[in-house]
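Have a look at run-v3.pdb; it's PDB, C-alpha atoms (C1' of nucleotides):
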ATOM      1  CA  MET W   1      -5.967  13.734  45.089
ATOM      2  CA  GLY W   2      -5.515  16.172  42.214
ATOM      3  CA  ILE W   3      -4.308  15.217  38.826
ATOM      4  CA  ASP W   4      -0.897  16.740  39.393
ATOM      5  CA  GLU W   5      -0.270  14.465  42.330
ATOM      6  CA  ARG W   6      -1.676  11.483  40.501
ATOM      7  CA  LEU W   7       0.688  12.137  37.634
ATOM      8  CA  HIS W   8       3.523  12.566  39.999
ATOM      9  CA  ALA W   9       2.733   9.399  41.900
ATOM     10  CA  SER W  10       3.084   7.530  38.613
ATOM     11  CA  GLY W  11       6.406   9.143  37.811
ATOM     12  CA  MET W  12       4.825  11.395  35.226
ATOM     13  CA  ARG W  13       5.178  15.135  34.900
ATOM     14  CA  MET W  14       2.690  17.871  34.288
ATOM     15  CA  THR W  15       3.752  19.631  31.143
ATOM     16  CA  VAL W  16       2.196  22.465  29.233
ATOM     17  CA  GLN W  17       1.127  20.132  26.464
ATOM     18  CA  ARG W  18      -0.333  17.609  28.860
ATOM     19  CA  ARG W  19      -2.378  20.290  30.509
ATOM     20  CA  LEU W  20      -3.610  21.547  27.158
ATOM     21  CA  VAL W  21      -4.764  18.095  26.145
ATOM     22  CA  LEU W  22      -6.563  17.653  29.424
ATOM     23  CA  GLU W  23      -8.228  21.043  29.181
ATOM     24  CA  ALA W  24      -9.307  20.491  25.614
ATOM     25  CA  LEU W  25     -10.839  17.217  26.658
ATOM     26  CA  GLN W  26     -12.683  18.827  29.525
ATOM     27  CA  ARG W  27     -14.101  21.510  27.298
ATOM     28  CA  ALA W  28     -15.232  18.941  24.776
ATOM     29  CA  ARG W  29     -18.630  17.580  25.594
ATOM     30  CA  HIS W  30     -18.289  14.140  24.125
ATOM     31  CA  HIS W  31     -16.290  11.757  22.053
ATOM     32  CA  VAL W  32     -13.743  13.817  20.232
ATOM     33  CA  THR W  33     -11.006  12.444  18.029
ATOM     34  CA  ALA W  34      -7.340  12.963  18.750
ATOM     35  CA  ASP W  35      -7.245  15.154  15.707
ATOM     36  CA  ASP W  36     -10.079  17.321  17.015
ATOM     37  CA  ILE W  37      -8.084  17.904  20.145
ATOM     38  CA  ALA W  38      -4.919  18.678  18.241
ATOM     39  CA  THR W  39      -6.793  21.171  16.094
ATOM     40  CA  ARG W  40      -8.320  22.934  19.079
ATOM     41  CA  ILE W  41      -5.006  23.221  20.832
ATOM     42  CA  ARG W  42      -3.278  24.435  17.709
ATOM     43  CA  ALA W  43      -5.600  27.423  17.629
ATOM     44  CA  ARG W  44      -3.609  28.880  20.506
ATOM     45  CA  HIS W  45      -0.472  26.788  20.460
ATOM     46  CA  PRO W  46       0.410  26.098  16.837
ATOM     47  CA  GLN W  47       3.528  24.156  17.659
ATOM     48  CA  ILE W  48       1.927  21.104  19.262
ATOM     49  CA  ASP W  49       2.645  17.867  17.454
ATOM     50  CA  PRO W  50      -0.061  15.293  16.758
ATOM     51  CA  SER W  51       2.007  12.525  18.259
ATOM     52  CA  THR W  52       2.202  14.499  21.471
ATOM     53  CA  VAL W  53      -1.560  14.505  21.637
ATOM     54  CA  TYR W  54      -1.714  10.777  21.028
ATOM     55  CA  ARG W  55       0.876  10.056  23.667
ATOM     56  CA  ASN W  56      -0.816  12.271  26.203
ATOM     57  CA  LEU W  57      -4.176  10.701  25.636
ATOM     58  CA  GLU W  58      -2.581   7.345  26.295
ATOM     59  CA  ALA W  59      -0.843   8.625  29.393
ATOM     60  CA  LEU W  60      -4.018  10.152  30.762
ATOM     61  CA  GLU W  61      -5.876   6.965  29.983
ATOM     62  CA  GLU W  62      -3.406   4.991  32.032
ATOM     63  CA  LEU W  63      -4.224   7.207  34.970
ATOM     64  CA  GLY W  64      -7.893   6.636  34.393
ATOM     65  CA  TYR W  65      -8.659  10.234  33.458
ATOM     66  CA  VAL W  66      -9.802   9.557  29.952
ATOM     67  CA  THR W  67     -11.183   6.638  27.986
ATOM     68  CA  HIS W  68     -11.470   5.857  24.350
ATOM     69  CA  THR W  69     -14.127   4.116  22.326
ATOM     70  CA  HIS W  70     -13.785   2.607  18.876
ATOM     71  CA  PHE W  71     -16.456   3.743  16.512
ATOM     72  CA  ASP W  72     -17.140   1.970  13.288
ATOM     73  CA  ASP W  73     -15.388   4.476  11.081
ATOM     74  CA  ARG W  74     -12.173   3.145  12.636
ATOM     75  CA  VAL W  75     -11.537   6.477  14.242
ATOM     76  CA  THR W  76     -10.919   6.401  17.965
ATOM     77  CA  ARG W  77     -12.929   8.857  20.028
ATOM     78  CA  TRP W  78     -11.873  10.100  23.429
ATOM     79  CA  HIS W  79     -13.736  11.438  26.404
ATOM     80  CA  ARG W  80     -13.251  12.023  30.082
ATOM     81  CA  ALA W  81     -13.555   8.929  32.192
ATOM     82  CA  GLU W  82     -15.605  10.720  34.846
ATOM     83  CA  ALA W  83     -18.518  10.899  32.477
ATOM     84  CA  GLU W  84     -21.047   8.238  33.190
ATOM     85  CA  ARG W  85     -20.171   5.006  31.496
ATOM     86  CA  HIS W  86     -22.429   4.145  28.626
ATOM     87  CA  GLY W  87     -22.640   1.979  25.575
ATOM     88  CA  HIS W  88     -22.627   3.342  22.042
ATOM     89  CA  LEU W  89     -24.886   2.381  19.191
ATOM     90  CA  VAL W  90     -23.780   3.421  15.725
ATOM     91  CA  CYS W  91     -25.918   3.068  12.656
ATOM     92  CA  ARG W  92     -23.968   1.694   9.712
ATOM     93  CA  SER W  93     -26.445   3.178   7.330
ATOM     94  CA  CYS W  94     -26.834   6.807   8.410
ATOM     95  CA  GLY W  95     -24.008   7.057  10.935
ATOM     96  CA  ALA W  96     -26.255   8.200  13.764
ATOM     97  CA  GLU W  97     -24.829   7.686  17.219
ATOM     98  CA  GLN W  98     -26.819   6.897  20.300
ATOM     99  CA  GLU W  99     -25.889   6.232  23.880
ATOM    100  CA  VAL W 100     -27.410   3.525  26.004
ATOM    101  CA  PRO W 101     -27.050   3.016  29.747
ATOM    102  CA  ILE W 102     -24.331   0.595  30.666
ATOM    103  CA  GLY W 103     -26.875  -1.374  32.679
ATOM    104  CA  LEU W 104     -28.417  -2.585  29.451
ATOM    105  CA  LEU W 105     -25.189  -4.318  28.585
ATOM    106  CA  GLU W 106     -24.633  -5.741  32.020
ATOM    107  CA  PRO W 107     -26.514  -9.039  31.581
ATOM    108  CA  LEU W 108     -24.233  -9.979  28.698
ATOM    109  CA  ALA W 109     -21.184  -8.911  30.660
ATOM    110  CA  ARG W 110     -22.318 -11.116  33.514
ATOM    111  CA  ARG W 111     -22.803 -14.133  31.305
ATOM    112  CA  LEU W 112     -19.402 -13.686  29.707
ATOM    113  CA  ARG W 113     -17.908 -13.428  33.165
ATOM    114  CA  GLU W 114     -19.711 -16.440  34.580
ATOM    115  CA  GLU W 115     -19.514 -18.738  31.590
ATOM    116  CA  HIS W 116     -16.169 -17.720  30.135
ATOM    117  CA  GLY W 117     -14.347 -16.000  32.976
ATOM    118  CA  PHE W 118     -14.056 -13.036  30.612
ATOM    119  CA  ARG W 119     -14.358  -9.557  32.091
ATOM    120  CA  ALA W 120     -15.827  -7.669  29.154
ATOM    121  CA  ASP W 121     -15.653  -3.937  28.641
ATOM    122  CA  LEU W 122     -18.752  -3.465  26.553
ATOM    123  CA  ALA W 123     -18.375   0.299  26.427
ATOM    124  CA  HIS W 124     -15.065   0.025  24.646
ATOM    125  CA  SER W 125     -16.371  -0.593  21.166
ATOM    126  CA  ALA W 126     -19.455   0.879  19.663
ATOM    127  CA  ILE W 127     -22.192  -1.554  18.755
ATOM    128  CA  VAL W 128     -22.829  -1.401  15.041
ATOM    129  CA  GLY W 129     -26.188  -2.013  13.457
ATOM    130  CA  ILE W 130     -29.153  -0.378  11.809
ATOM    131  CA  CYS W 131     -30.976   2.311  13.719
ATOM    132  CA  LYS W 132     -34.713   2.593  14.097
ATOM    133  CA  ASP W 133     -35.125   5.233  11.399
ATOM    134  CA  CYS W 134     -33.108   3.466   8.732
ATOM    135  CA  SER W 135     -34.785   0.226   9.651
ATOM    136  CA  THR W 136     -38.310   1.455   9.057
ATOM    137  CA  VAL W 137     -37.401   3.237   5.843
ATOM    138  CA  SER W 138     -35.711   0.254   4.234
ATOM    139  CA  SER W 139     -38.344  -2.274   5.249
ATOM    140  CA  GLU W 140     -41.185  -0.471   3.567
TER     141      GLU W 140
ATOM    142  CA  MET K   1     -25.676 -19.957  -8.311
ATOM    143  CA  GLY K   2     -21.923 -19.790  -8.592
ATOM    144  CA  ILE K   3     -19.899 -16.787  -7.677
ATOM    145  CA  ASP K   4     -19.259 -15.861 -11.288
ATOM    146  CA  GLU K   5     -22.955 -15.537 -11.943
ATOM    147  CA  ARG K   6     -23.512 -13.668  -8.698
ATOM    148  CA  LEU K   7     -20.844 -11.205  -9.656
ATOM    149  CA  HIS K   8     -22.302 -10.853 -13.044
ATOM    150  CA  ALA K   9     -25.813 -10.344 -11.746
ATOM    151  CA  SER K  10     -24.481  -7.378  -9.775
ATOM    152  CA  GLY K  11     -22.753  -5.895 -12.757
ATOM    153  CA  MET K  12     -19.344  -6.982 -11.514
ATOM    154  CA  ARG K  13     -16.667  -8.802 -13.397
ATOM    155  CA  MET K  14     -14.526 -11.748 -12.450
ATOM    156  CA  THR K  15     -10.946 -10.677 -12.759
ATOM    157  CA  VAL K  16      -7.716 -12.480 -12.067
ATOM    158  CA  GLN K  17      -7.134 -10.377  -8.975
ATOM    159  CA  ARG K  18     -10.629 -10.939  -7.689
ATOM    160  CA  ARG K  19     -10.217 -14.653  -8.022
ATOM    161  CA  LEU K  20      -6.898 -14.529  -6.225
ATOM    162  CA  VAL K  21      -8.382 -12.659  -3.287
ATOM    163  CA  LEU K  22     -11.227 -15.104  -3.056
ATOM    164  CA  GLU K  23      -8.911 -18.099  -3.205
ATOM    165  CA  ALA K  24      -6.584 -16.679  -0.586
ATOM    166  CA  LEU K  25      -9.542 -16.137   1.683
ATOM    167  CA  GLN K  26     -10.749 -19.670   1.163
ATOM    168  CA  ARG K  27      -7.367 -21.090   1.982
ATOM    169  CA  ALA K  28      -7.116 -18.998   5.133
ATOM    170  CA  ARG K  29      -8.743 -20.691   8.073
ATOM    171  CA  HIS K  30      -9.818 -17.655  10.035
ATOM    172  CA  HIS K  31      -9.735 -13.938  10.449
ATOM    173  CA  VAL K  32      -6.945 -12.715   8.250
ATOM    174  CA  THR K  33      -6.096  -9.098   7.629
ATOM    175  CA  ALA K  34      -6.199  -7.551   4.191
ATOM    176  CA  ASP K  35      -2.463  -7.228   4.424
ATOM    177  CA  ASP K  36      -2.089 -10.949   5.105
ATOM    178  CA  ILE K  37      -4.012 -11.660   1.951
ATOM    179  CA  ALA K  38      -1.985  -9.195  -0.087
ATOM    180  CA  THR K  39       1.213 -10.791   1.157
ATOM    181  CA  ARG K  40       0.068 -14.288   0.279
ATOM    182  CA  ILE K  41      -0.995 -13.297  -3.189
ATOM    183  CA  ARG K  42       2.201 -11.376  -3.809
ATOM    184  CA  ALA K  43       4.167 -14.582  -3.314
ATOM    185  CA  ARG K  44       2.973 -15.696  -6.745
ATOM    186  CA  HIS K  45       1.718 -12.455  -8.227
ATOM    187  CA  PRO K  46       4.066  -9.699  -7.102
ATOM    188  CA  GLN K  47       2.280  -7.010  -9.039
ATOM    189  CA  ILE K  48      -0.953  -6.969  -7.074
ATOM    190  CA  ASP K  49      -1.637  -3.685  -5.349
ATOM    191  CA  PRO K  50      -2.869  -3.504  -1.751
ATOM    192  CA  SER K  51      -5.720  -1.235  -2.740
ATOM    193  CA  THR K  52      -6.934  -3.891  -5.137
ATOM    194  CA  VAL K  53      -7.145  -6.334  -2.273
ATOM    195  CA  TYR K  54      -9.073  -3.876  -0.129
ATOM    196  CA  ARG K  55     -11.476  -3.047  -2.891
ATOM    197  CA  ASN K  56     -12.063  -6.666  -3.716
ATOM    198  CA  LEU K  57     -12.754  -7.548  -0.122
ATOM    199  CA  GLU K  58     -15.376  -4.845  -0.086
ATOM    200  CA  ALA K  59     -16.848  -6.025  -3.345
ATOM    201  CA  LEU K  60     -17.018  -9.597  -2.129
ATOM    202  CA  GLU K  61     -18.542  -8.426   1.112
ATOM    203  CA  GLU K  62     -21.299  -6.681  -0.784
ATOM    204  CA  LEU K  63     -22.131  -9.979  -2.400
ATOM    205  CA  GLY K  64     -22.198 -11.618   0.991
ATOM    206  CA  TYR K  65     -19.190 -13.828   0.351
ATOM    207  CA  VAL K  66     -16.988 -12.417   3.043
ATOM    208  CA  THR K  67     -17.394 -10.506   6.280
ATOM    209  CA  HIS K  68     -15.125  -8.419   8.403
ATOM    210  CA  THR K  69     -14.742  -7.953  12.125
ATOM    211  CA  HIS K  70     -13.032  -5.122  13.962
ATOM    212  CA  PHE K  71     -10.523  -6.306  16.490
ATOM    213  CA  ASP K  72      -9.173  -4.092  19.180
ATOM    214  CA  ASP K  73      -5.855  -3.361  17.542
ATOM    215  CA  ARG K  74      -7.929  -1.411  15.028
ATOM    216  CA  VAL K  75      -7.029  -3.980  12.420
ATOM    217  CA  THR K  76      -9.874  -5.328  10.376
ATOM    218  CA  ARG K  77      -9.958  -9.077   9.950
ATOM    219  CA  TRP K  78     -11.725 -10.832   7.155
ATOM    220  CA  HIS K  79     -13.214 -14.265   6.763
ATOM    221  CA  ARG K  80     -15.639 -16.107   4.568
ATOM    222  CA  ALA K  81     -19.229 -15.413   5.362
ATOM    223  CA  GLU K  82     -20.207 -19.059   5.083
ATOM    224  CA  ALA K  83     -18.439 -19.779   8.341
ATOM    225  CA  GLU K  84     -20.789 -19.948  11.263
ATOM    226  CA  ARG K  85     -21.479 -16.564  12.747
ATOM    227  CA  HIS K  86     -19.865 -16.042  16.099
ATOM    228  CA  GLY K  87     -18.822 -13.355  18.513
ATOM    229  CA  HIS K  88     -15.207 -12.544  19.304
ATOM    230  CA  LEU K  89     -13.651 -11.987  22.686
ATOM    231  CA  VAL K  90     -10.265 -10.305  22.705
ATOM    232  CA  CYS K  91      -8.107  -9.940  25.793
ATOM    233  CA  ARG K  92      -6.623  -6.477  26.022
ATOM    234  CA  SER K  93      -3.887  -7.793  28.255
ATOM    235  CA  CYS K  94      -2.500 -10.828  26.426
ATOM    236  CA  GLY K  95      -4.267 -10.452  23.103
ATOM    237  CA  ALA K  96      -5.820 -13.907  23.223
ATOM    238  CA  GLU K  97      -8.822 -14.342  20.967
ATOM    239  CA  GLN K  98     -11.779 -16.529  21.651
ATOM    240  CA  GLU K  99     -14.964 -17.234  19.780
ATOM    241  CA  VAL K 100     -18.356 -17.476  21.376
ATOM    242  CA  PRO K 101     -21.595 -18.702  19.848
ATOM    243  CA  ILE K 102     -23.750 -15.946  18.458
ATOM    244  CA  GLY K 103     -26.605 -17.194  20.619
ATOM    245  CA  LEU K 104     -24.859 -15.839  23.667
ATOM    246  CA  LEU K 105     -25.180 -12.344  22.270
ATOM    247  CA  GLU K 106     -28.749 -12.758  21.134
ATOM    248  CA  PRO K 107     -30.472 -11.636  24.351
ATOM    249  CA  LEU K 108     -28.715  -8.270  24.170
ATOM    250  CA  ALA K 109     -29.511  -7.963  20.488
ATOM    251  CA  ARG K 110     -33.142  -8.625  21.278
ATOM    252  CA  ARG K 111     -33.279  -5.988  23.983
ATOM    253  CA  LEU K 112     -31.662  -3.410  21.721
ATOM    254  CA  ARG K 113     -34.160  -4.264  19.058
ATOM    255  CA  GLU K 114     -37.184  -4.152  21.336
ATOM    256  CA  GLU K 115     -36.238  -1.181  23.475
ATOM    257  CA  HIS K 116     -34.386   0.954  20.942
ATOM    258  CA  GLY K 117     -35.493  -0.346  17.585
ATOM    259  CA  PHE K 118     -31.808  -0.917  16.866
ATOM    260  CA  ARG K 119     -30.837  -3.969  14.859
ATOM    261  CA  ALA K 120     -27.410  -4.692  16.276
ATOM    262  CA  ASP K 121     -24.721  -6.728  14.583
ATOM    263  CA  LEU K 122     -22.875  -7.958  17.633
ATOM    264  CA  ALA K 123     -20.450 -10.050  15.623
ATOM    265  CA  HIS K 124     -19.134  -6.995  13.835
ATOM    266  CA  SER K 125     -16.822  -5.780  16.561
ATOM    267  CA  ALA K 126     -14.820  -7.909  18.911
ATOM    268  CA  ILE K 127     -15.695  -7.631  22.590
ATOM    269  CA  VAL K 128     -12.708  -6.345  24.495
ATOM    270  CA  GLY K 129     -11.912  -7.278  28.047
ATOM    271  CA  ILE K 130      -9.674  -9.337  30.274
ATOM    272  CA  CYS K 131      -9.559 -13.059  29.687
ATOM    273  CA  LYS K 132      -9.782 -15.695  32.354
ATOM    274  CA  ASP K 133      -6.057 -16.327  32.528
ATOM    275  CA  CYS K 134      -5.003 -12.706  32.824
ATOM    276  CA  SER K 135      -7.775 -12.122  35.299
ATOM    277  CA  THR K 136      -6.621 -14.772  37.740
ATOM    278  CA  VAL K 137      -2.984 -13.788  37.464
ATOM    279  CA  SER K 138      -3.535 -10.109  38.144
ATOM    280  CA  SER K 139      -5.972 -10.577  40.999
ATOM    281  CA  GLU K 140      -3.545 -12.596  43.137
TER     282      GLU K 140
ATOM    283  C1'  DA I   1      20.687  29.000  41.842
ATOM    284  C1'  DC I   2      22.814  24.957  39.691
ATOM    285  C1'  DC I   3      23.117  20.066  38.435
ATOM    286  C1'  DA I   4      21.841  15.655  37.173
ATOM    287  C1'  DC I   5      18.325  12.567  35.854
ATOM    288  C1'  DT I   6      14.921  11.201  32.871
ATOM    289  C1'  DA I   7      10.028  12.069  31.222
ATOM    290  C1'  DT I   8       8.427  14.315  27.385
ATOM    291  C1'  DT I   9       8.513  16.817  23.048
ATOM    292  C1'  DG I  10       8.934  17.574  18.032
ATOM    293  C1'  DC I  11      10.463  15.700  14.016
ATOM    294  C1'  DG I  12      10.989  12.382  10.428
ATOM    295  C1'  DG I  13       9.544   8.330   8.921
ATOM    296  C1'  DC I  14       6.690   4.108   8.745
ATOM    297  C1'  DT I  15       2.291   1.162   8.644
ATOM    298  C1'  DC I  16      -2.320   0.325   7.480
ATOM    299  C1'  DT I  17      -6.114   1.764   4.899
ATOM    300  C1'  DT I  18      -8.667   4.640   1.733
ATOM    301  C1'  DT I  19      -9.382   7.579  -2.354
ATOM    302  C1'  DG I  20      -8.639   9.929  -6.977
ATOM    303  C1'  DC I  21      -7.142   9.258 -11.463
ATOM    304  C1'  DG I  22      -5.538   7.776 -15.828
ATOM    305  C1'  DA I  23      -4.613   3.275 -17.942
ATOM    306  C1'  DT I  24      -6.124  -1.483 -18.642
ATOM    307  C1'  DA I  25      -8.966  -5.093 -19.745
ATOM    308  C1'  DA I  26     -13.662  -7.722 -19.070
ATOM    309  C1'  DG I  27     -17.497  -8.854 -21.582
ATOM    310  C1'  DC I  28     -21.090  -7.202 -24.701
ATOM    311  C1'  DT I  29     -22.537  -6.300 -29.710
ATOM    312  C1'  DC I  30     -21.874  -6.715 -34.394
TER     313       DC I  30
ATOM    314  C1'  DG D   1     -12.331 -10.933 -34.075
ATOM    315  C1'  DA D   2     -12.884  -5.724 -33.835
ATOM    316  C1'  DG D   3     -14.849  -2.120 -31.366
ATOM    317  C1'  DC D   4     -17.145  -0.157 -27.437
ATOM    318  C1'  DT D   5     -18.549   0.623 -22.708
ATOM    319  C1'  DT D   6     -17.169   0.771 -18.217
ATOM    320  C1'  DA D   7     -15.645  -2.112 -14.177
ATOM    321  C1'  DT D   8     -11.376  -2.713 -12.347
ATOM    322  C1'  DC D   9      -6.437  -2.070 -11.823
ATOM    323  C1'  DG D  10      -1.999   0.065 -10.439
ATOM    324  C1'  DC D  11      -0.042   4.099  -8.898
ATOM    325  C1'  DA D  12       0.433   8.117  -6.197
ATOM    326  C1'  DA D  13      -0.937  10.527  -2.364
ATOM    327  C1'  DA D  14      -3.484  11.435   1.815
ATOM    328  C1'  DG D  15      -5.201  10.532   6.599
ATOM    329  C1'  DA D  16      -4.921   8.328  11.097
ATOM    330  C1'  DG D  17      -1.950   6.542  14.246
ATOM    331  C1'  DC D  18       2.549   5.020  16.020
ATOM    332  C1'  DC D  19       7.606   4.762  16.921
ATOM    333  C1'  DG D  20      12.639   5.918  17.329
ATOM    334  C1'  DC D  21      15.680   9.407  18.261
ATOM    335  C1'  DA D  22      17.967  13.581  19.546
ATOM    336  C1'  DA D  23      16.820  17.815  21.907
ATOM    337  C1'  DT D  24      14.197  19.913  25.606
ATOM    338  C1'  DA D  25      12.524  20.724  30.004
ATOM    339  C1'  DG D  26      10.282  19.261  34.612
ATOM    340  C1'  DT D  27      11.913  17.957  39.305
ATOM    341  C1'  DG D  28      14.377  16.762  43.239
ATOM    342  C1'  DG D  29      18.784  17.272  45.450
ATOM    343  C1'  DT D  30      22.744  20.218  46.725
TER     344       DT D  30
END

Spell out the structure here as C-alpha cells.
Amino acid sequence: MGIDERLHASGMRMTVQRRLVLEALQRARHHVTADDIATRIRARHPQIDPSTVYRNLEALEELGYVTHTHFDDRVTRWHRAEAERHGHLVCRSCGAEQEVPIGLLEPLARRLREEHGFRADLAHSAIVGICKDCSTVSSE
Amino acid sequence: MGIDERLHASGMRMTVQRRLVLEALQRARHHVTADDIATRIRARHPQIDPSTVYRNLEALEELGYVTHTHFDDRVTRWHRAEAERHGHLVCRSCGAEQEVPIGLLEPLARRLREEHGFRADLAHSAIVGICKDCSTVSSE
DNA sequence: ACCACTATTGCGGCTCTTTGCGATAAGCTC
DNA sequence: GAGCTTATCGCAAAGAGCCGCAATAGTGGT
C-alpha cells in the first residue's frame, strides 16, 4: 500500500507541503532536525511555515513513516522509520554520535518488560555518556 | 565541607538567589522543572529572573549538588544529587512515571563500556515506552 | 464542473530555555 | 569601611517547538 492510500485510509490528505516534507526526509541520510527540513524545503518553496513542517512530521510519524529521537542537545531529530532501528550514543563531552544495533539494548528491554510490564522504546532517546576518545584523554 | 565552602573553592559566590534555588530544590521532593522552582521562589521574591534559576541550577550541577534528567516531554527535571540514583520509566501513553533501581540498567552500561568504550549515564534520560496499565488496556 | 465538508496551511502569538550585555553586588585587600 | 575585581543578576532577545484561528484547498458526491 502506497503512502497516498495510507494517508487516505487515516482520513489524511496528500498535500504539496506534506509531500515536500516526506521527500526532504527521504533525501536526508540521517537524523535531521525539523529546522533542517524546513530550510531545505524553503530553498525551492520559500513560503512553507515551520509549524507546517512540525505538524507534518507528527502526522507522518502517526502513520509510521518517520520516527524521532531525542538527542541530548534537546533538539529532536527525525528520520525515516524504514531505516533499521538502532540505538544512539551521544558523548556529552565532544558531542560525537554513534549508532549501536538495537539488539544490544534488547536484554534491558526484555527485563523491563518481564519485571515491570513496561514496553520500552530504547531507540527513542539517545544514551548520553562519555565516548571512548574523551574517556581515554581525560583519564590520563 | 559545606556548600558555601564548596562554592568558594570553585571561585563561586553564595548569593541570595543561589540560596533560594538550593532551598527550593531541597524542599521539592522529586524531579521539578526549572520553571517550578522559579514559580515557587517568585511567591516570596517576585523579582527573580528565570534565567537566574537556570544558571544557578547549572552552577549547582557543576558542584555535584543537583542533577537533571530529560523526560520525554522535552522538559528537563531537576533534583538533588544526594538522592539515590535511579532510572526513569515514562509512559508515552498516559504519562505515568516510574523509578527503577540503577542496578537494573547496569548490565547494559557494562556492555556499552566493554564493547564500545562508552561510559553511559543511563539515568540521564528517561526511558520511554508503554507502561503496564496502558499495555493491557490496548491489547484487549 | 460545482458544491460541501473538513483536513491542512500560514500567521500571530505563546512557552520553555538559553545567551549577550550592561548593571549590581560578593568578597578580597588595604 | 572604601575601593577593586569579577561573579552574578536582571533584562531583552533569540531559538525551538506548539497552538488557536481564519483562510485555503483536497476530495468525494452530484

Expansion of the PyMOL selection byres ((chain I) within 10 of (chain K)) into residues, as an MDAnalysis selection string: chainID I and resid 16:19 25:27

Can you work out the spacing between atom CA of W:Arg111 and atom CA of W:Glu61 in Å, to one decimal?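 Going from atom CA of W:Arg111 over to atom CA of W:Glu61 covers 27.1 Å.
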
Could you list, as a list of chain:residue names, the residues of chain K having an atom within 6 Å of chain W when counting all atoms listed in the file?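 Taken together, these residues fit the definition: K:Gly117, K:Phe118, K:Arg119, K:Ala120, K:Asp121, K:Val128, K:Gly129, K:Ile130, K:Cys131, K:Lys132.
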
Test item: the PyMOL selection byres ((chain D) within 12 of (chain W)) resolved as a tab-separated table (two decimals) with C-alpha atoms (C1' of nucleotides), keeping the file's coordinate frame:
chain	number	residue	atom	x	y	z
D	15	DG	C1'	-5.20	10.53	6.60
D	16	DA	C1'	-4.92	8.33	11.10
D	17	DG	C1'	-1.95	6.54	14.25
D	18	DC	C1'	2.55	5.02	16.02
D	19	DC	C1'	7.61	4.76	16.92
D	24	DT	C1'	14.20	19.91	25.61
D	25	DA	C1'	12.52	20.72	30.00
D	26	DG	C1'	10.28	19.26	34.61
D	27	DT	C1'	11.91	17.96	39.30

If you apply the PyMOL selection byres ((chain D and resi 10) around 10) to this file, what residues do you get, as a count of residues only? 12

Determine the nearest neighbour of I:DT8 from the options W:Val53, W:Val66, W:Ile102, W:Ile41, counting all atoms listed in the file. W:Val53

Interatomic distance (Å, one decimal) between atom CA of K:Ala81 and atom CA of K:Glu23: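 Separation of atom CA of K:Ala81 and atom CA of K:Glu23: 13.7 Å.
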
Spatial neighbours of W:Gly103, max dist 10 Å, all atoms listed in the file, sep filter under 6 positions, as a ChimeraX atom specification: /W:85-87,109

9 Å contact set for stretch 62-64 of chain K, all atoms listed in the file, chain neighbours under 5 positions out, as a CSV table (one decimal) with C-alpha atoms, keeping the file's coordinate frame:
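Once everything was written out, this is part12.csv:
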chain,number,residue,atom,x,y,z
K,3,ILE,CA,-19.9,-16.8,-7.7
K,6,ARG,CA,-23.5,-13.7,-8.7
K,7,LEU,CA,-20.8,-11.2,-9.7
K,10,SER,CA,-24.5,-7.4,-9.8
K,57,LEU,CA,-12.8,-7.5,-0.1
K,80,ARG,CA,-15.6,-16.1,4.6
K,81,ALA,CA,-19.2,-15.4,5.4
K,82,GLU,CA,-20.2,-19.1,5.1

Please indicate the distance in Å from atom CA of W:Val21 to atom CA of W:His88, rounded to one decimal place. 23.5 Å
